[in-house]
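S.K.: Hey, dropping upload36.cif in here, mmCIF, C-alpha atoms:
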data_work
#
loop_
_atom_site.group_PDB
_atom_site.id
_atom_site.type_symbol
_atom_site.label_atom_id
_atom_site.label_comp_id
_atom_site.auth_asym_id
_atom_site.auth_seq_id
_atom_site.Cartn_x
_atom_site.Cartn_y
_atom_site.Cartn_z
ATOM 1 C CA MET A 61 0.000 0.000 0.000
ATOM 2 C CA GLY A 62 2.778 2.537 0.561
ATOM 3 C CA VAL A 63 2.743 5.718 2.589
ATOM 4 C CA VAL A 64 -0.671 6.897 3.768
ATOM 5 C CA PRO A 65 -0.221 10.286 5.392
ATOM 6 C CA ASN A 66 -2.687 11.486 7.989
ATOM 7 C CA ASN A 67 -2.103 15.132 7.205
ATOM 8 C CA PRO A 68 -4.602 17.819 6.180
ATOM 9 C CA GLN A 69 -2.155 19.070 3.540
ATOM 10 C CA HIS A 70 -2.571 15.761 1.716
ATOM 11 C CA ARG A 71 -6.345 16.009 1.443
ATOM 12 C CA ARG A 72 -7.686 15.796 -2.060
ATOM 13 C CA ALA A 73 -10.502 17.580 -3.787
ATOM 14 C CA PRO A 74 -13.746 17.068 -1.879
ATOM 15 C CA VAL A 75 -16.002 14.198 -2.813
ATOM 16 C CA ASP A 76 -19.672 14.797 -3.551
ATOM 17 C CA ASP A 77 -22.682 12.708 -2.510
ATOM 18 C CA VAL A 78 -22.408 10.437 -5.556
ATOM 19 C CA ASP A 79 -18.734 9.781 -4.844
ATOM 20 C CA ARG A 80 -19.606 8.999 -1.216
ATOM 21 C CA ALA A 81 -22.283 6.550 -2.329
ATOM 22 C CA ILE A 82 -19.762 4.825 -4.632
ATOM 23 C CA ILE A 83 -17.194 4.655 -1.824
ATOM 24 C CA ARG A 84 -19.750 3.211 0.632
ATOM 25 C CA ALA A 85 -20.844 0.556 -1.864
ATOM 26 C CA LEU A 86 -17.280 -0.438 -2.741
ATOM 27 C CA ALA A 87 -16.196 -0.437 0.928
ATOM 28 C CA GLU A 88 -18.944 -2.957 1.589
ATOM 29 C CA ASN A 89 -18.213 -5.058 -1.523
ATOM 30 C CA ALA A 90 -15.184 -4.184 -3.653
ATOM 31 C CA ARG A 91 -16.113 -6.942 -6.125
ATOM 32 C CA LEU A 92 -19.382 -5.265 -7.073
ATOM 33 C CA PRO A 93 -19.644 -5.203 -10.887
ATOM 34 C CA ASN A 94 -19.832 -1.736 -12.428
ATOM 35 C CA ASN A 95 -23.425 -2.220 -13.655
ATOM 36 C CA ALA A 96 -24.611 -3.200 -10.168
ATOM 37 C CA LEU A 97 -22.621 -0.354 -8.607
ATOM 38 C CA ALA A 98 -24.132 2.142 -11.028
ATOM 39 C CA GLU A 99 -27.623 0.855 -10.287
ATOM 40 C CA ALA A 100 -27.049 1.004 -6.510
ATOM 41 C CA VAL A 101 -25.819 4.589 -6.762
ATOM 42 C CA GLY A 102 -28.430 5.683 -9.303
ATOM 43 C CA ILE A 103 -26.174 6.727 -12.189
ATOM 44 C CA ALA A 104 -25.395 5.430 -15.671
ATOM 45 C CA PRO A 105 -22.764 2.670 -15.900
ATOM 46 C CA SER A 106 -20.475 4.835 -18.054
ATOM 47 C CA THR A 107 -20.701 7.675 -15.524
ATOM 48 C CA CYS A 108 -20.030 5.232 -12.689
ATOM 49 C CA LEU A 109 -16.934 3.863 -14.399
ATOM 50 C CA THR A 110 -15.642 7.396 -15.003
ATOM 51 C CA ARG A 111 -16.293 8.321 -11.361
ATOM 52 C CA VAL A 112 -14.526 5.224 -9.992
ATOM 53 C CA ARG A 113 -11.507 5.836 -12.231
ATOM 54 C CA ALA A 114 -11.393 9.490 -11.142
ATOM 55 C CA LEU A 115 -11.540 8.456 -7.473
ATOM 56 C CA GLN A 116 -8.625 6.097 -8.113
ATOM 57 C CA GLU A 117 -6.597 8.711 -10.001
ATOM 58 C CA ARG A 118 -7.154 11.241 -7.202
ATOM 59 C CA GLY A 119 -5.995 8.690 -4.643
ATOM 60 C CA VAL A 120 -9.329 8.549 -2.821
ATOM 61 C CA ILE A 121 -9.638 4.861 -3.695
ATOM 62 C CA ARG A 122 -6.164 3.438 -3.192
ATOM 63 C CA GLY A 123 -6.838 -0.117 -4.281
ATOM 64 C CA PHE A 124 -8.963 -3.223 -4.096
ATOM 65 C CA ARG A 125 -7.683 -6.044 -1.899
ATOM 66 C CA ALA A 126 -8.643 -9.432 -0.613
ATOM 67 C CA GLU A 127 -9.190 -9.459 3.135
ATOM 68 C CA VAL A 128 -7.317 -12.550 4.278
ATOM 69 C CA ASP A 129 -7.904 -14.355 7.575
ATOM 70 C CA PRO A 130 -4.390 -14.663 9.071
ATOM 71 C CA ALA A 131 -5.370 -17.818 10.993
ATOM 72 C CA ALA A 132 -6.348 -19.527 7.729
ATOM 73 C CA ILE A 133 -2.793 -19.073 6.411
ATOM 74 C CA GLY A 134 -1.034 -20.279 9.557
ATOM 75 C CA LEU A 135 -0.850 -16.999 11.520
ATOM 76 C CA PRO A 136 -3.472 -17.479 14.267
ATOM 77 C CA LEU A 137 -1.743 -15.257 16.836
ATOM 78 C CA GLN A 138 -1.810 -11.525 16.158
ATOM 79 C CA ALA A 139 -0.236 -8.745 18.151
ATOM 80 C CA MET A 140 0.282 -5.006 18.135
ATOM 81 C CA ILE A 141 3.880 -4.153 18.982
ATOM 82 C CA SER A 142 4.757 -0.607 20.022
ATOM 83 C CA VAL A 143 8.288 0.420 19.108
ATOM 84 C CA ARG A 144 10.205 3.321 20.605
ATOM 85 C CA LEU A 145 13.366 4.428 18.795
ATOM 86 C CA ARG A 146 16.626 5.354 20.512
ATOM 87 C CA ALA A 147 16.790 8.752 18.831
ATOM 88 C CA HIS A 148 14.410 10.728 16.670
ATOM 89 C CA THR A 149 16.804 11.442 13.872
ATOM 90 C CA ARG A 150 15.912 11.088 10.213
ATOM 91 C CA GLU A 151 18.526 8.349 9.901
ATOM 92 C CA GLN A 152 17.071 6.272 12.764
ATOM 93 C CA ASN A 153 13.522 6.731 11.481
ATOM 94 C CA GLU A 154 14.496 5.816 7.924
ATOM 95 C CA SER A 155 16.521 2.837 9.126
ATOM 96 C CA PHE A 156 13.528 1.360 10.941
ATOM 97 C CA ARG A 157 10.893 2.526 8.462
ATOM 98 C CA SER A 158 12.696 0.947 5.516
ATOM 99 C CA THR A 159 13.092 -2.488 7.159
ATOM 100 C CA ALA A 160 9.932 -2.936 9.254
ATOM 101 C CA PRO A 161 7.408 -3.595 6.432
ATOM 102 C CA ASP A 162 9.529 -6.472 5.102
ATOM 103 C CA LEU A 163 9.945 -8.291 8.419
ATOM 104 C CA PRO A 164 8.284 -11.735 8.462
ATOM 105 C CA GLY A 165 4.716 -11.614 9.735
ATOM 106 C CA VAL A 166 4.308 -7.830 9.572
ATOM 107 C CA LEU A 167 0.766 -7.060 8.409
ATOM 108 C CA ALA A 168 0.918 -3.271 8.830
ATOM 109 C CA VAL A 169 3.266 -0.557 10.067
ATOM 110 C CA PHE A 170 2.059 2.727 11.540
ATOM 111 C CA HIS A 171 4.379 5.690 12.158
ATOM 112 C CA MET A 172 2.977 7.320 15.280
ATOM 113 C CA ALA A 173 3.063 10.546 17.239
ATOM 114 C CA GLY A 174 3.157 10.251 21.029
ATOM 115 C CA SER A 175 5.141 8.094 23.409
ATOM 116 C CA ASP A 176 5.755 5.361 20.819
ATOM 117 C CA ASP A 177 7.240 5.898 17.394
ATOM 118 C CA TYR A 178 5.870 2.914 15.489
ATOM 119 C CA LEU A 179 3.094 0.390 15.889
ATOM 120 C CA LEU A 180 3.452 -2.958 14.131
ATOM 121 C CA HIS A 181 0.550 -5.286 13.473
ATOM 122 C CA VAL A 182 2.002 -8.777 13.217
ATOM 123 C CA GLY A 183 0.658 -12.267 12.648
ATOM 124 C CA VAL A 184 2.614 -15.320 13.825
ATOM 125 C CA SER A 185 2.123 -19.048 14.273
ATOM 126 C CA GLY A 186 2.301 -19.026 18.076
ATOM 127 C CA PRO A 187 3.810 -17.528 21.240
ATOM 128 C CA GLU A 188 7.306 -18.827 20.497
ATOM 129 C CA SER A 189 7.239 -17.250 17.041
ATOM 130 C CA LEU A 190 6.103 -13.950 18.542
ATOM 131 C CA ARG A 191 8.942 -14.037 21.066
ATOM 132 C CA ASP A 192 11.433 -14.888 18.309
ATOM 133 C CA PHE A 193 10.110 -12.045 16.136
ATOM 134 C CA VAL A 194 10.603 -9.492 18.900
ATOM 135 C CA VAL A 195 14.024 -10.822 19.945
ATOM 136 C CA ASP A 196 15.436 -11.502 16.477
ATOM 137 C CA HIS A 197 14.048 -8.545 14.547
ATOM 138 C CA LEU A 198 13.209 -5.730 16.933
ATOM 139 C CA THR A 199 15.449 -5.792 19.990
ATOM 140 C CA THR A 200 18.471 -6.414 17.759
ATOM 141 C CA HIS A 201 17.681 -3.497 15.447
ATOM 142 C CA PRO A 202 20.149 -0.683 16.168
ATOM 143 C CA ALA A 203 17.455 2.012 16.048
ATOM 144 C CA VAL A 204 15.097 0.299 18.521
ATOM 145 C CA ALA A 205 15.250 1.295 22.192
ATOM 146 C CA GLN A 206 12.132 -0.428 23.523
ATOM 147 C CA THR A 207 9.172 -2.580 22.492
ATOM 148 C CA ARG A 208 5.846 -3.370 24.109
ATOM 149 C CA THR A 209 3.702 -6.238 22.841
ATOM 150 C CA ASN A 210 -0.082 -6.510 23.149
ATOM 151 C CA LEU A 211 -1.970 -9.591 21.971
ATOM 152 C CA ILE A 212 -5.058 -9.170 19.831
ATOM 153 C CA PHE A 213 -8.046 -11.174 21.049
ATOM 154 C CA GLU A 214 -10.374 -10.141 18.243
ATOM 155 C CA GLN A 215 -10.345 -7.739 15.310
ATOM 156 C CA ILE A 216 -13.639 -5.949 14.710
ATOM 157 C CA ALA A 217 -13.950 -4.069 11.438
ATOM 158 C CA GLY A 218 -14.969 -0.443 11.612
ATOM 159 C CA ARG A 219 -17.715 0.994 9.448
ATOM 160 C CA ARG A 220 -16.465 4.570 9.167
ATOM 161 C CA TYR A 221 -16.395 4.497 5.368
ATOM 162 C CA LEU A 222 -19.942 3.245 5.286
ATOM 163 C CA ASN A 223 -21.420 5.900 7.585
ATOM 164 C CA PRO A 224 -19.154 8.955 7.674
ATOM 165 C CA GLY A 225 -20.169 11.641 10.132
ATOM 166 C CA ASP A 226 -22.370 9.370 12.262
#
Just dump the structure as structure tokens.
M.R.:
Amino acid sequence: MGVVPNNPQHRRAPVDDVDRAIIRALAENARLPNNALAEAVGIAPSTCLTRVRALQERGVIRGFRAEVDPAAIGLPLQAMISVRLRAHTREQNESFRSTAPDLPGVLAVFHMAGSDDYLLHVGVSGPESLRDFVVDHLTTHPAVAQTRTNLIFEQIAGRRYLNPGD
């Protein structure tokens, strides 16, 4: 997915009600055929296709992905690992930022503001694998000062794209 800034300067042109309806429908079912999407939104299929492409070009829709159950692919244990760097230099940040997404089992990396610098969402095969991940990949990284691991009991999907402003 790449860098996803959470910065008002990166906001794109506003979306109108039709765009919001398209986004809601695709957030619920990204495999919806264009004809069905157009019908659900109440516009012509050609207009719908143009709108979806424009939303993609503007970066509002960043992609269409399969949502995979980590347990089904041998990663039943998930954790959120907070990482605090030794120093807040560009070099230390870049050193960690460039390696973290490629570490085995990393599902997502978040660069944070606050007491922790990064938050890693990881999936592993069990407690021993989680321990090995932290010891082998995080505590040995020269930029890392401290980690804190929290196990995930359950992941509950949000619906913010479906009902913005509620």
S.K.: Specify as JSON, numbers by chain each residue included when the PyMOL selection byres ((chain A and resi 98) around 12) is applied to this file.
M.R.: {"A": [78, 79, 81, 82, 83, 85, 86, 92, 93, 94, 95, 96, 97, 99, 100, 101, 102, 103, 104, 105, 106, 107, 108, 109, 110, 111, 112]}
S.K.: Output C-alpha atoms for every residue in that selection, as a PDB file, keeping the file's coordinate frame.
M.R.:
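To be explicit, this is the file written out as result-v9.pdb:
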ATOM      1  CA  VAL A  78     -22.408  10.437  -5.556  1.00  0.00           C
ATOM      2  CA  ASP A  79     -18.734   9.781  -4.844  1.00  0.00           C
ATOM      3  CA  ALA A  81     -22.283   6.550  -2.329  1.00  0.00           C
ATOM      4  CA  ILE A  82     -19.762   4.825  -4.632  1.00  0.00           C
ATOM      5  CA  ILE A  83     -17.194   4.655  -1.824  1.00  0.00           C
ATOM      6  CA  ALA A  85     -20.844   0.556  -1.864  1.00  0.00           C
ATOM      7  CA  LEU A  86     -17.280  -0.438  -2.741  1.00  0.00           C
ATOM      8  CA  LEU A  92     -19.382  -5.265  -7.073  1.00  0.00           C
ATOM      9  CA  PRO A  93     -19.644  -5.203 -10.887  1.00  0.00           C
ATOM     10  CA  ASN A  94     -19.832  -1.736 -12.428  1.00  0.00           C
ATOM     11  CA  ASN A  95     -23.425  -2.220 -13.655  1.00  0.00           C
ATOM     12  CA  ALA A  96     -24.611  -3.200 -10.168  1.00  0.00           C
ATOM     13  CA  LEU A  97     -22.621  -0.354  -8.607  1.00  0.00           C
ATOM     14  CA  GLU A  99     -27.623   0.855 -10.287  1.00  0.00           C
ATOM     15  CA  ALA A 100     -27.049   1.004  -6.510  1.00  0.00           C
ATOM     16  CA  VAL A 101     -25.819   4.589  -6.762  1.00  0.00           C
ATOM     17  CA  GLY A 102     -28.430   5.683  -9.303  1.00  0.00           C
ATOM     18  CA  ILE A 103     -26.174   6.727 -12.189  1.00  0.00           C
ATOM     19  CA  ALA A 104     -25.395   5.430 -15.671  1.00  0.00           C
ATOM     20  CA  PRO A 105     -22.764   2.670 -15.900  1.00  0.00           C
ATOM     21  CA  SER A 106     -20.475   4.835 -18.054  1.00  0.00           C
ATOM     22  CA  THR A 107     -20.701   7.675 -15.524  1.00  0.00           C
ATOM     23  CA  CYS A 108     -20.030   5.232 -12.689  1.00  0.00           C
ATOM     24  CA  LEU A 109     -16.934   3.863 -14.399  1.00  0.00           C
ATOM     25  CA  THR A 110     -15.642   7.396 -15.003  1.00  0.00           C
ATOM     26  CA  ARG A 111     -16.293   8.321 -11.361  1.00  0.00           C
ATOM     27  CA  VAL A 112     -14.526   5.224  -9.992  1.00  0.00           C
TER      28      VAL A 112
END
S.K.: Apply the PyMOL selection byres ((chain A and resi 164) around 10) to the displayed file and report the matching residues as a VMD selection string.
M.R.: chain A and resid 160 to 163 165 to 167 182 to 184 193 197
S.K.: In Å to one decimal, how far is atom CA of Ala132 of chain A from atom CA of Tyr178 of chain A?
M.R.: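 One can read the atom CA of Tyr178 of chain A to atom CA of Ala132 of chain A distance as 26.7 Å.
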S.K.: Considering only C-alpha atoms, state which residue in the set A:Leu145, A:Leu179, A:Val75, A:Glu88 is at the smallest distance from Gly218 of chain A.
M.R.: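 So, comparing all the options, the nearest one is A:Glu88.
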S.K.: Figure out the distance between atom CA of Phe124 of chain A and atom CA of Met140 of chain A, please, to one decimal in Å.
M.R.: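 Value for the atom CA of Met140 of chain A-atom CA of Phe124 of chain A distance: 24.1 Å.
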S.K.: Record the distance separating atom CA of Leu115 of chain A and atom CA of His171 of chain A, expressed in Å with one decimal.
M.R.: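 Value for the atom CA of Leu115 of chain A-atom CA of His171 of chain A distance: 25.4 Å.
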S.K.: Between A:Asn153, A:Gln215, A:Gln116, A:Thr199, which is the closest to Leu137 of chain A once you count all atoms listed in the file?
M.R.: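 Comparing A:Asn153, A:Gln215, A:Gln116, A:Thr199 against Leu137 of chain A, the winner is A:Gln215.
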S.K.: Name every residue that the PyMOL selection byres ((chain A and resi 125) around 12) selects in this structure, writing the answer as a ChimeraX atom specification with chains first and numbers rising.
M.R.: /A:61,86-87,89-91,121-124,126-128
S.K.: Pick from A:Arg157, A:Arg150, A:His201, A:Arg208: nearest to Ser175 of chain A, with all atoms listed in the file counted?
M.R.: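 Answer, going by the shortest atom-to-atom distance: A:Arg208.
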S.K.: Let me make sure I understand: among A:Asp176, A:Ala73, A:Ser158, A:Val120, which one has the smallest atom-to-atom distance to Ala205 of chain A if we use only C-alpha atoms?
M.R.: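 Result for the nearest residue to Ala205 of chain A: A:Asp176.
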S.K.: Which residue gives the smallest distance to Pro187 of chain A among A:Val143, A:Ala203, A:Leu211, A:Met172, with only C-alpha atoms counted?
M.R.: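 The answer is A:Leu211, which sits nearest to Pro187 of chain A.
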S.K.: Which residue, A:Ala217, A:Ser185, A:Arg84, A:Val195, has the smallest gap to Ala131 of chain A when you use all atoms listed in the file?
M.R.: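 Nearest candidate to Ala131 of chain A out of A:Ala217, A:Ser185, A:Arg84, A:Val195: A:Ser185.
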